[in-house]
>>> print(open('work-v4.cif').read())   # mmCIF, C-alpha atoms and all ligand atoms
data_model
loop_
_atom_site.label_atom_id
_atom_site.label_comp_id
_atom_site.auth_asym_id
_atom_site.auth_seq_id
_atom_site.Cartn_x
_atom_site.Cartn_y
_atom_site.Cartn_z
CA MET A 1 126.38 98.49 90.61
CA GLN A 2 126.07 95.69 93.18
CA ARG A 3 122.67 94.03 93.38
CA GLU A 4 122.49 94.83 97.13
CA ASP A 5 122.45 98.49 96.12
CA LEU A 6 119.33 98.08 94.05
CA GLU A 7 116.56 99.75 96.00
CA LYS A 8 113.10 98.20 95.95
CA THR A 9 109.71 99.81 96.25
CA LEU A 10 106.13 98.56 96.34
CA VAL A 11 103.56 99.91 93.89
CA LEU A 12 99.86 99.07 94.11
CA ILE A 13 97.63 99.84 91.16
CA LYS A 14 94.41 100.45 93.09
CA PRO A 15 90.82 99.46 92.18
CA ASP A 16 89.88 102.91 90.81
CA ALA A 17 92.78 102.71 88.33
CA LEU A 18 91.63 99.26 87.23
CA ASN A 19 88.02 100.45 87.02
CA ASN A 20 89.12 103.33 84.78
CA SER A 21 91.35 101.15 82.58
CA LEU A 22 94.43 103.15 83.55
CA THR A 23 96.70 100.13 84.15
CA GLY A 24 98.44 100.37 80.78
CA TYR A 25 98.96 104.10 81.19
CA ILE A 26 100.45 103.68 84.67
CA LEU A 27 102.76 100.84 83.63
CA SER A 28 103.92 102.93 80.71
CA GLN A 29 104.67 105.92 82.97
CA LEU A 30 106.71 103.64 85.26
CA SER A 31 108.41 101.67 82.47
CA GLU A 32 112.15 101.01 82.42
CA PHE A 33 112.38 103.39 79.46
CA HIS A 34 111.12 106.29 81.61
CA THR A 35 112.49 105.34 85.04
CA GLY A 36 115.44 103.00 84.51
CA LEU A 37 113.73 100.63 86.99
CA HIS A 38 112.77 97.00 86.38
CA PHE A 39 110.12 94.64 87.78
CA ALA A 40 111.26 92.29 90.54
CA ALA A 41 107.79 90.76 91.09
CA THR A 42 104.13 91.26 90.35
CA LYS A 43 100.83 89.67 91.29
CA ILE A 44 97.10 90.26 91.09
CA VAL A 45 95.69 90.29 94.60
CA PHE A 46 92.21 89.94 96.04
CA VAL A 47 92.74 92.25 99.04
CA ASN A 48 91.16 90.64 102.07
CA ARG A 49 90.36 92.57 105.23
CA ILE A 50 93.49 91.45 107.09
CA LEU A 51 95.81 92.65 104.33
CA ALA A 52 93.94 95.97 103.98
CA GLU A 53 94.07 96.63 107.73
CA GLU A 54 97.76 95.79 107.95
CA HIS A 55 98.71 97.84 104.89
CA TYR A 56 96.98 100.94 106.28
CA ALA A 57 97.67 100.26 109.99
CA GLU A 58 99.19 103.74 110.45
CA HIS A 59 95.78 105.30 109.64
CA VAL A 60 93.73 103.39 112.25
CA GLY A 61 91.37 105.81 114.02
CA LYS A 62 91.40 108.51 111.34
CA PHE A 63 88.01 109.51 109.94
CA PHE A 64 88.89 108.25 106.46
CA TYR A 65 90.22 104.84 107.66
CA PRO A 66 86.96 102.87 107.16
CA SER A 67 86.54 104.25 103.63
CA LEU A 68 90.21 103.53 102.93
CA LEU A 69 89.59 99.84 103.70
CA GLU A 70 86.48 99.81 101.49
CA TYR A 71 88.56 101.44 98.76
CA ILE A 72 91.62 99.17 98.77
CA THR A 73 89.50 95.99 99.05
CA GLY A 74 87.65 97.02 95.86
CA CYS A 75 84.26 97.17 97.61
CA LEU A 76 83.76 100.82 96.58
CA HIS A 77 84.51 100.47 92.89
CA TYR A 78 83.06 96.99 92.41
CA PRO A 79 80.13 96.88 94.88
CA ASN A 80 78.15 94.36 92.83
CA GLU A 81 81.00 92.53 91.11
CA PRO A 82 83.16 91.02 93.86
CA TRP A 83 84.95 88.88 91.28
CA LYS A 84 86.49 92.09 89.87
CA ARG A 85 87.87 93.29 93.20
CA ARG A 86 91.65 93.26 92.96
CA VAL A 87 94.82 95.27 93.11
CA ILE A 88 97.96 94.82 91.02
CA ALA A 89 100.97 94.66 93.33
CA ILE A 90 104.36 95.30 91.76
CA ILE A 91 107.89 95.50 93.13
CA TYR A 92 110.11 97.85 91.16
CA GLN A 93 113.84 97.68 91.60
CA GLY A 94 116.69 100.00 90.68
CA ALA A 95 118.75 102.98 91.74
CA ASP A 96 116.66 105.52 93.67
CA ALA A 97 113.49 103.52 92.99
CA ILE A 98 111.45 105.02 95.86
CA LYS A 99 112.10 108.66 95.02
CA LYS A 100 111.77 108.20 91.27
CA ILE A 101 108.39 106.49 91.55
CA ARG A 102 107.00 108.90 94.19
CA GLY A 103 107.91 111.75 91.83
CA ILE A 104 105.92 110.28 88.94
CA VAL A 105 103.05 109.30 91.27
CA GLY A 106 102.62 112.84 92.69
CA PRO A 107 101.00 114.22 95.90
CA THR A 108 98.49 112.14 97.90
CA ASN A 109 95.49 114.37 97.23
CA PRO A 110 94.52 114.48 93.52
CA HIS A 111 93.58 118.19 93.81
CA ASP A 112 97.08 118.94 95.11
CA ALA A 113 98.51 116.73 92.39
CA ARG A 114 96.72 118.77 89.72
CA ASP A 115 97.90 122.04 91.32
CA GLN A 116 101.44 121.10 92.23
CA LYS A 117 102.37 118.33 89.80
CA PRO A 118 100.20 118.38 86.68
CA GLY A 119 100.94 115.31 84.59
CA SER A 120 101.67 113.13 87.62
CA ILE A 121 99.64 109.89 87.84
CA ARG A 122 97.58 111.13 90.82
CA SER A 123 96.56 114.26 88.92
CA LEU A 124 94.13 111.88 87.17
CA GLY A 125 92.54 110.83 90.49
CA SER A 126 89.35 112.08 92.23
CA VAL A 127 88.36 113.48 95.61
CA ILE A 128 85.04 112.02 96.77
CA PRO A 129 82.90 113.18 99.75
CA VAL A 130 82.68 110.74 102.68
CA LEU A 131 79.21 110.55 104.32
CA ASP A 132 78.23 109.29 107.76
CA ALA A 133 75.31 106.88 108.32
CA SER A 134 72.84 109.80 108.20
CA GLY A 135 74.22 111.02 104.87
CA LYS A 136 76.04 114.02 106.33
CA VAL A 137 79.37 114.89 104.69
CA ILE A 138 82.13 114.24 107.25
CA GLY A 139 85.16 114.68 105.02
CA ASP A 140 86.53 113.46 101.75
CA ARG A 141 88.31 110.47 100.29
CA SER A 142 91.27 110.53 97.96
CA ASP A 143 90.82 108.04 95.11
CA ASN A 144 94.37 108.49 93.95
CA LEU A 145 94.86 105.45 91.67
CA ILE A 146 98.19 104.22 93.00
CA HIS A 147 100.21 103.50 96.12
CA ALA A 148 104.00 103.79 96.21
CA SER A 149 106.25 103.21 99.23
CA ALA A 150 107.35 106.44 100.89
CA ASN A 151 110.78 105.44 102.28
CA PRO A 152 113.07 102.37 102.58
CA GLU A 153 111.55 101.24 105.93
CA ASP A 154 108.01 101.36 104.52
CA ALA A 155 109.19 99.62 101.34
CA GLU A 156 110.64 96.69 103.31
CA ARG A 157 107.55 96.39 105.55
CA GLU A 158 105.17 96.60 102.59
CA ILE A 159 107.10 94.24 100.31
CA LYS A 160 107.24 91.65 103.10
CA LEU A 161 103.53 92.21 103.76
CA TRP A 162 102.42 91.60 100.16
CA PHE A 163 105.04 89.14 98.87
CA MET A 164 106.54 85.83 99.93
CA PRO A 165 110.24 85.35 99.11
CA THR A 166 109.34 82.81 96.42
CA ASP A 167 107.27 85.44 94.58
CA ILE A 168 110.58 87.17 93.80
CA PRO A 169 113.36 85.67 91.65
CA PRO A 170 116.26 84.60 93.93
CA LEU A 171 118.81 87.08 92.55
CA MET A 172 116.35 89.96 93.06
CA ARG A 173 115.73 89.33 96.78
CA ASN A 174 117.63 91.59 99.13
CA TYR A 175 116.06 90.80 102.51
CA PRO A 176 117.29 87.69 104.40
CA VAL A 177 115.33 84.45 103.97
CA GLU A 178 115.32 81.10 105.77
CA THR A 179 113.94 77.62 105.07
CA ILE A 180 111.75 76.37 107.91
CA ASN A 181 111.49 72.98 109.57
CA GLU A 182 108.19 73.50 111.29
CA TYR A 183 104.48 73.91 110.56
CA TYR A 184 102.48 77.02 111.40
CA TYR A 185 98.69 77.29 111.37
CA PHE A 186 96.47 80.36 111.63
CA LYS A 187 93.01 80.91 113.05
CA ASN A 188 91.30 83.93 114.66
CA ASN A 189 94.39 86.17 114.93
CA THR A 190 96.41 83.37 116.51
CA ILE A 191 99.32 81.23 115.29
CA TYR A 192 99.49 77.55 116.27
CA ALA A 193 102.31 75.03 115.93
CA GLU A 194 99.82 72.17 115.53
CA TYR A 195 96.65 71.83 113.53
CA GLU A 196 93.55 73.32 115.15
CA PRO A 197 90.17 72.47 113.63
CA GLY A 198 89.30 75.25 111.18
CA SER A 199 92.82 76.65 111.00
CA ILE A 200 94.77 77.33 107.80
CA CYS A 201 98.27 75.94 107.27
CA VAL A 202 100.35 79.03 106.44
CA CYS A 203 103.71 77.30 106.08
CA ALA A 204 105.26 73.85 106.27
CA PRO A 205 108.75 72.29 106.47
CA GLY A 206 110.81 73.18 103.40
CA ASP A 207 109.05 76.52 102.79
CA LEU A 208 111.19 79.61 102.32
CA LEU A 209 110.18 82.51 104.60
CA TRP A 210 111.39 86.01 105.26
CA LYS A 211 113.79 85.54 108.19
CA SER A 212 111.97 88.34 110.04
CA ASP A 213 108.64 86.48 109.62
CA LEU A 214 110.14 83.29 110.99
CA GLU A 215 111.57 85.11 114.01
CA ALA A 216 108.16 86.70 114.63
CA MET A 217 106.26 83.40 114.27
CA ARG A 218 108.57 81.61 116.71
CA LEU A 219 107.73 84.26 119.33
CA LEU A 220 104.04 84.67 118.49
CA VAL A 221 103.37 80.93 118.67
CA GLN A 222 104.53 81.05 122.31
CA GLY A 223 102.25 84.02 123.00
CA LEU A 224 105.26 86.38 123.20
CA GLN A 225 105.61 89.87 121.75
CA ALA A 226 107.20 90.14 118.27
CA HIS A 227 108.28 93.05 116.06
CA CYS A 228 105.00 92.78 114.16
CA SER A 229 101.48 91.43 114.61
CA VAL A 230 100.22 87.93 113.80
CA ASN A 231 98.15 89.35 110.96
CA ALA A 232 101.12 91.16 109.41
CA VAL A 233 103.03 87.89 109.33
CA VAL A 234 100.29 85.65 107.94
CA ALA A 235 98.64 88.09 105.48
CA LYS A 236 100.89 87.19 102.52
CA TYR A 237 100.31 83.46 103.00
CA LEU A 238 96.54 84.03 102.77
CA ILE A 239 96.66 86.08 99.57
CA ASN A 240 94.37 84.56 96.93
CA LYS A 241 94.25 81.42 99.03
CA GLU A 242 91.46 81.72 101.51
CA ASP A 243 88.55 83.86 100.47
CA ASN A 244 86.73 83.11 103.72
CA VAL A 245 89.19 85.43 105.42
CA LYS A 246 87.38 88.73 104.95
P1 LIG B 1 100.48 108.15 100.31
O1 LIG B 1 101.76 107.54 100.79
O2 LIG B 1 100.70 109.38 99.47
O3 LIG B 1 99.54 107.16 99.65
O4 LIG B 1 99.73 108.68 101.60
P2 LIG B 1 99.45 107.95 102.99
O5 LIG B 1 100.19 106.66 103.10
O6 LIG B 1 99.64 108.96 104.05
O7 LIG B 1 97.89 107.65 102.92
C1 LIG B 1 97.40 106.46 102.38
C2 LIG B 1 96.10 106.75 101.68
O8 LIG B 1 95.17 107.24 102.62
C3 LIG B 1 96.22 107.83 100.62
O9 LIG B 1 96.65 107.32 99.40
C4 LIG B 1 94.82 108.39 100.59
O10 LIG B 1 93.97 107.56 99.77
C5 LIG B 1 94.38 108.28 102.04
N1 LIG B 1 94.65 109.51 102.81
C6 LIG B 1 95.80 109.90 103.40
N2 LIG B 1 95.70 111.07 104.04
C7 LIG B 1 94.41 111.46 103.87
C8 LIG B 1 93.65 112.58 104.32
O11 LIG B 1 94.13 113.48 105.02
N3 LIG B 1 92.35 112.64 103.94
C9 LIG B 1 91.79 111.67 103.19
N4 LIG B 1 90.52 111.78 102.87
N5 LIG B 1 92.45 110.58 102.76
C10 LIG B 1 93.75 110.46 103.09
#
>>> encode(input="work-v4.cif", output="structure tokens", more="lines below")
Ligand code: GDP
Amino acid sequence: MQREDLEKTLVLIKPDALNNSLTGYILSQLSEFHTGLHFAATKIVFVNRILAEEHYAEHVGKFFYPSLLEYITGCLHYPNEPWKRRVIAIIYQGADAIKKIRGIVGPTNPHDARDQKPGSIRSLGSVIPVLDASGKVIGDRSDNLIHASANPEDAEREIKLWFMPTDIPPLMRNYPVETINEYYYFKNNTIYAEYEPGSICVCAPGDLLWKSDLEAMRLLVQGLQAHCSVNAVVAKYLINKEDNVK
């Protein structure tokens, strides 16, 4: 098999799984022995607001969206221990990686997982009522332990959202990369080519970027439309770097 054929997928071990000490169990279920897949990259991530919003952008406006952000940022499971808020992000690689992992993960809703796929990882999850400010139940929340990319387009978007190229060993990268010659700075949802007081340097000459990020930054810095938002481009460069970015 050619390495270009090796499909990649993003897995997130979510805060409820960490809180319930299920990490070892999940890694074992997804191990090369069971799936034939191997790790291409992994990191422990403090999920800031920008990353959470970008990861779940497709759910903006849904009733469960605010609780989804609270969930993935770890605020729900570690309300008084912010230093424990984290997610384990893993890229798995191998033939049919997306389908194999989704199969072991199971349906989104843990009740459905128990009914339709007992033994799947999400069958160990919980469904929790969501309350409004007055305490009235307005729906429920699926604490389903794990995220796994749903299709190749989502996998590429999500991997490029959570990982920089240099987080992945060179022979395991299969999206184009480019070394940059310019600086980019970030502040208040805006990218700058020169330092602005209070801005964060997201990349500098010699850094290796996803080619698609570089193309987006070159447009965004001129105030032009790109294929993705400023926050989607910069989120990975802020991971574990700037805890003022909520
Ligand atoms: P996934 O790919 O199976 O994780 O499902 P989605 O990407 O559609 O949803 C992302 C997350 O949002 C899920 O893992 C759930 O935690 C939550 N979610 C999705 N759909 C619903 C829903 O209809 N109700 C509730 N309460 N939560 C949902």
>>> residues_around(input="work-v4.cif", residues="region 158-163 of chain A", least_positions_apart="2", cutoff="10 Å", atoms="all atoms listed in the file", output="MDAnalysis selection string")
chainID A and resid 8:12 41:43 45 47 51 54:56 89:91 148:149 152:156 165:168 175 209:210 212:213 231:239
>>> atom_distance(input="work-v4.cif", atom1="CA of Ile180 (chain A)", atom2="CA of Lys211 (chain A)")
9.4 Å
>>> residues_near_ligand(input="work-v4.cif", ligand="ligand LIG 1 (chain B)", cutoff="8 Å", atoms="all atoms listed in the file", output="list of chain:residue names")
A:Tyr56, A:Glu58, A:His59, A:Phe63, A:Phe64, A:Tyr65, A:Leu68, A:Gly106, A:Pro107, A:Thr108, A:Asn109, A:Val127, A:Val130, A:Gly139, A:Asp140, A:Arg141, A:Ser142, A:Asp143, A:Asn144, A:Ile146, A:His147, A:Ala148, A:Ser149, A:Ala150
>>> write_last_selection(input="work-v4.cif", atoms="C-alpha atoms", output="short mmCIF file (atom, residue, chain, number, x, y, z; two decimals), in the coordinates of the input")
data_model
loop_
_atom_site.label_atom_id
_atom_site.label_comp_id
_atom_site.auth_asym_id
_atom_site.auth_seq_id
_atom_site.Cartn_x
_atom_site.Cartn_y
_atom_site.Cartn_z
CA TYR A 56 96.98 100.94 106.28
CA GLU A 58 99.19 103.74 110.45
CA HIS A 59 95.78 105.30 109.64
CA PHE A 63 88.01 109.51 109.94
CA PHE A 64 88.89 108.25 106.46
CA TYR A 65 90.22 104.84 107.66
CA LEU A 68 90.21 103.53 102.93
CA GLY A 106 102.62 112.84 92.69
CA PRO A 107 101.00 114.22 95.90
CA THR A 108 98.49 112.14 97.90
CA ASN A 109 95.49 114.37 97.23
CA VAL A 127 88.36 113.48 95.61
CA VAL A 130 82.68 110.74 102.68
CA GLY A 139 85.16 114.68 105.02
CA ASP A 140 86.53 113.46 101.75
CA ARG A 141 88.31 110.47 100.29
CA SER A 142 91.27 110.53 97.96
CA ASP A 143 90.82 108.04 95.11
CA ASN A 144 94.37 108.49 93.95
CA ILE A 146 98.19 104.22 93.00
CA HIS A 147 100.21 103.50 96.12
CA ALA A 148 104.00 103.79 96.21
CA SER A 149 106.25 103.21 99.23
CA ALA A 150 107.35 106.44 100.89
#
>>> atom_distance(input="work-v4.cif", atom1="CA of Phe46 (chain A)", atom2="CA of Lys14 (chain A)")
11.1 Å
>>> closest_residue(input="work-v4.cif", among="A:Ala97, A:Val202, A:Ile104, A:Leu131", to="Lys241 (chain A)", atoms="all atoms listed in the file")
A:Val202
>>> closest_residue(input="work-v4.cif", among="A:Gly198, A:Gly119, A:Gly94, A:Gly61", to="Ile26 (chain A)", atoms="all atoms listed in the file")
A:Gly119
>>> closest_residue(input="work-v4.cif", among="A:Ala40, A:Asn174, A:Asn240, A:Tyr184", to="Ala216 (chain A)", atoms="all atoms listed in the file")
A:Tyr184
>>> atom_distance(input="work-v4.cif", atom1="CA of Ile191 (chain A)", atom2="CA of Val221 (chain A)")
5.3 Å
>>> closest_residue(input="work-v4.cif", among="A:Asp207, A:Asp16, A:Glu178, A:Glu7", to="Tyr78 (chain A)", atoms="all atoms listed in the file")
A:Asp16
>>> residues_near_point(input="work-v4.cif", point="(88.6, 97.9, 98.3)", cutoff="9 Å", atoms="only C-alpha atoms", output="MDAnalysis selection string")
chainID A and resid 14:15 47:49 52 67:78 85:87
>>> closest_residue(input="work-v4.cif", among="A:Cys203, A:Asn188, A:Lys136, A:Ser126", to="Met164 (chain A)", atoms="only C-alpha atoms")
A:Cys203
>>> axis_aligned_box(input="work-v4.cif", around="region 185-202 of chain A", padding_each_side="6 Å", output="lines of an AutoDock Vina configuration file")
center_x = 95.8
center_y = 79.0
center_z = 111.5
size_x = 25.0
size_y = 26.3
size_z = 22.1
>>> closest_residue(input="work-v4.cif", among="A:Ala204, A:Ile138, A:Met217, A:Ala193", to="Lys62 (chain A)", atoms="all atoms listed in the file")
A:Ile138
>>> residues_near_point(input="work-v4.cif", point="(93.4, 78.1, 111.8)", cutoff="10 Å", atoms="all atoms listed in the file", output="ChimeraX atom specification")
/A:184-192,194-202
>>> write_last_selection(input="work-v4.cif", atoms="C-alpha atoms", output="compact mmCIF listing (two decimals), keeping the file's coordinate frame")
# COMPACT_ATOMS: atom_id res chain seq x y z
CA TYR A 184 102.48 77.02 111.40
CA TYR A 185 98.69 77.29 111.37
CA PHE A 186 96.47 80.36 111.63
CA LYS A 187 93.01 80.91 113.05
CA ASN A 188 91.30 83.93 114.66
CA ASN A 189 94.39 86.17 114.93
CA THR A 190 96.41 83.37 116.51
CA ILE A 191 99.32 81.23 115.29
CA TYR A 192 99.49 77.55 116.27
CA GLU A 194 99.82 72.17 115.53
CA TYR A 195 96.65 71.83 113.53
CA GLU A 196 93.55 73.32 115.15
CA PRO A 197 90.17 72.47 113.63
CA GLY A 198 89.30 75.25 111.18
CA SER A 199 92.82 76.65 111.00
CA ILE A 200 94.77 77.33 107.80
CA CYS A 201 98.27 75.94 107.27
CA VAL A 202 100.35 79.03 106.44
>>> decode(input="work-v4.cif", residues="region 187-198 of chain A", atoms="all heavy atoms", output="CSV table (one decimal), in the first residue's frame")
chain,number,residue,atom,x,y,z
A,187,LYS,N,-4.8,39.1,16.5
A,187,LYS,CA,-5.4,39.8,17.6
A,187,LYS,C,-6.9,40.1,17.3
A,187,LYS,O,-7.2,40.5,16.1
A,187,LYS,CB,-4.7,41.2,17.9
A,187,LYS,CG,-5.2,41.9,19.1
A,187,LYS,CD,-4.4,43.2,19.2
A,187,LYS,CE,-5.2,44.3,19.8
A,187,LYS,NZ,-4.4,45.6,19.8
A,188,ASN,N,-7.8,39.8,18.2
A,188,ASN,CA,-9.2,40.1,18.0
A,188,ASN,C,-9.8,39.7,16.6
A,188,ASN,O,-10.3,40.5,15.9
A,188,ASN,CB,-9.5,41.6,18.2
A,188,ASN,CG,-9.2,42.1,19.6
A,188,ASN,OD1,-9.2,41.3,20.5
A,188,ASN,ND2,-8.9,43.4,19.7
A,189,ASN,N,-9.7,38.4,16.3
A,189,ASN,CA,-10.2,37.9,15.1
A,189,ASN,C,-9.6,38.5,13.8
A,189,ASN,O,-10.2,38.4,12.8
A,189,ASN,CB,-11.7,38.1,15.0
A,189,ASN,CG,-12.5,37.4,16.1
A,189,ASN,OD1,-11.9,36.6,16.8
A,189,ASN,ND2,-13.7,37.7,16.3
A,190,THR,N,-8.4,39.1,13.9
A,190,THR,CA,-7.8,39.7,12.8
A,190,THR,C,-6.4,39.2,12.6
A,190,THR,O,-5.7,39.0,13.6
A,190,THR,CB,-7.9,41.2,12.9
A,190,THR,OG1,-9.2,41.6,13.2
A,190,THR,CG2,-7.4,41.9,11.6
A,191,ILE,N,-5.9,39.0,11.4
A,191,ILE,CA,-4.5,38.7,11.1
A,191,ILE,C,-3.8,39.9,10.6
A,191,ILE,O,-4.3,40.7,9.8
A,191,ILE,CB,-4.5,37.5,10.1
A,191,ILE,CG1,-5.0,36.3,10.7
A,191,ILE,CG2,-3.0,37.3,9.6
A,191,ILE,CD1,-4.8,35.0,9.8
A,192,TYR,N,-2.6,40.1,11.1
A,192,TYR,CA,-1.8,41.3,10.7
A,192,TYR,C,-0.4,40.7,10.2
A,192,TYR,O,0.1,39.7,10.6
A,192,TYR,CB,-1.5,42.2,11.9
A,192,TYR,CG,-2.7,42.7,12.6
A,192,TYR,CD1,-3.4,42.1,13.6
A,192,TYR,CD2,-3.2,43.9,12.1
A,192,TYR,CE1,-4.5,42.6,14.2
A,192,TYR,CE2,-4.4,44.5,12.7
A,192,TYR,CZ,-5.0,43.8,13.7
A,192,TYR,OH,-6.1,44.3,14.3
A,193,ALA,N,0.1,41.5,9.2
A,193,ALA,CA,1.4,41.2,8.7
A,193,ALA,C,2.6,41.8,9.5
A,193,ALA,O,3.7,41.4,9.4
A,193,ALA,CB,1.5,41.6,7.2
A,194,GLU,N,2.2,42.8,10.4
A,194,GLU,CA,3.2,43.4,11.2
A,194,GLU,C,2.7,43.4,12.6
A,194,GLU,O,1.5,43.4,12.9
A,194,GLU,CB,3.5,44.8,10.7
A,194,GLU,CG,4.3,44.8,9.5
A,194,GLU,CD,4.5,46.2,8.9
A,194,GLU,OE1,4.2,47.2,9.5
A,194,GLU,OE2,5.0,46.2,7.7
A,195,TYR,N,3.6,43.5,13.6
A,195,TYR,CA,3.3,43.4,15.0
A,195,TYR,C,2.3,44.6,15.4
A,195,TYR,O,2.6,45.7,15.1
A,195,TYR,CB,4.5,43.5,15.9
A,195,TYR,CG,4.2,43.4,17.3
A,195,TYR,CD1,3.7,42.2,17.9
A,195,TYR,CD2,4.2,44.6,18.1
A,195,TYR,CE1,3.3,42.2,19.2
A,195,TYR,CE2,3.9,44.5,19.5
A,195,TYR,CZ,3.4,43.3,20.0
A,195,TYR,OH,3.0,43.3,21.3
A,196,GLU,N,1.3,44.2,16.1
A,196,GLU,CA,0.3,45.1,16.6
A,196,GLU,C,0.4,45.0,18.1
A,196,GLU,O,0.5,43.8,18.6
A,196,GLU,CB,-1.1,44.7,16.3
A,196,GLU,CG,-1.6,45.1,14.9
A,196,GLU,CD,-1.9,46.6,14.8
A,196,GLU,OE1,-2.6,47.1,15.7
A,196,GLU,OE2,-1.3,47.2,13.9
A,197,PRO,N,0.4,46.0,18.9
A,197,PRO,CA,0.5,45.9,20.4
A,197,PRO,C,-0.6,44.9,20.8
A,197,PRO,O,-1.7,45.0,20.4
A,197,PRO,CB,0.3,47.3,20.9
A,197,PRO,CG,0.8,48.2,19.8
A,197,PRO,CD,0.4,47.4,18.5
A,198,GLY,N,-0.2,43.9,21.6
A,198,GLY,CA,-1.1,43.0,22.2
A,198,GLY,C,-1.4,41.8,21.3
A,198,GLY,O,-2.1,40.9,21.7
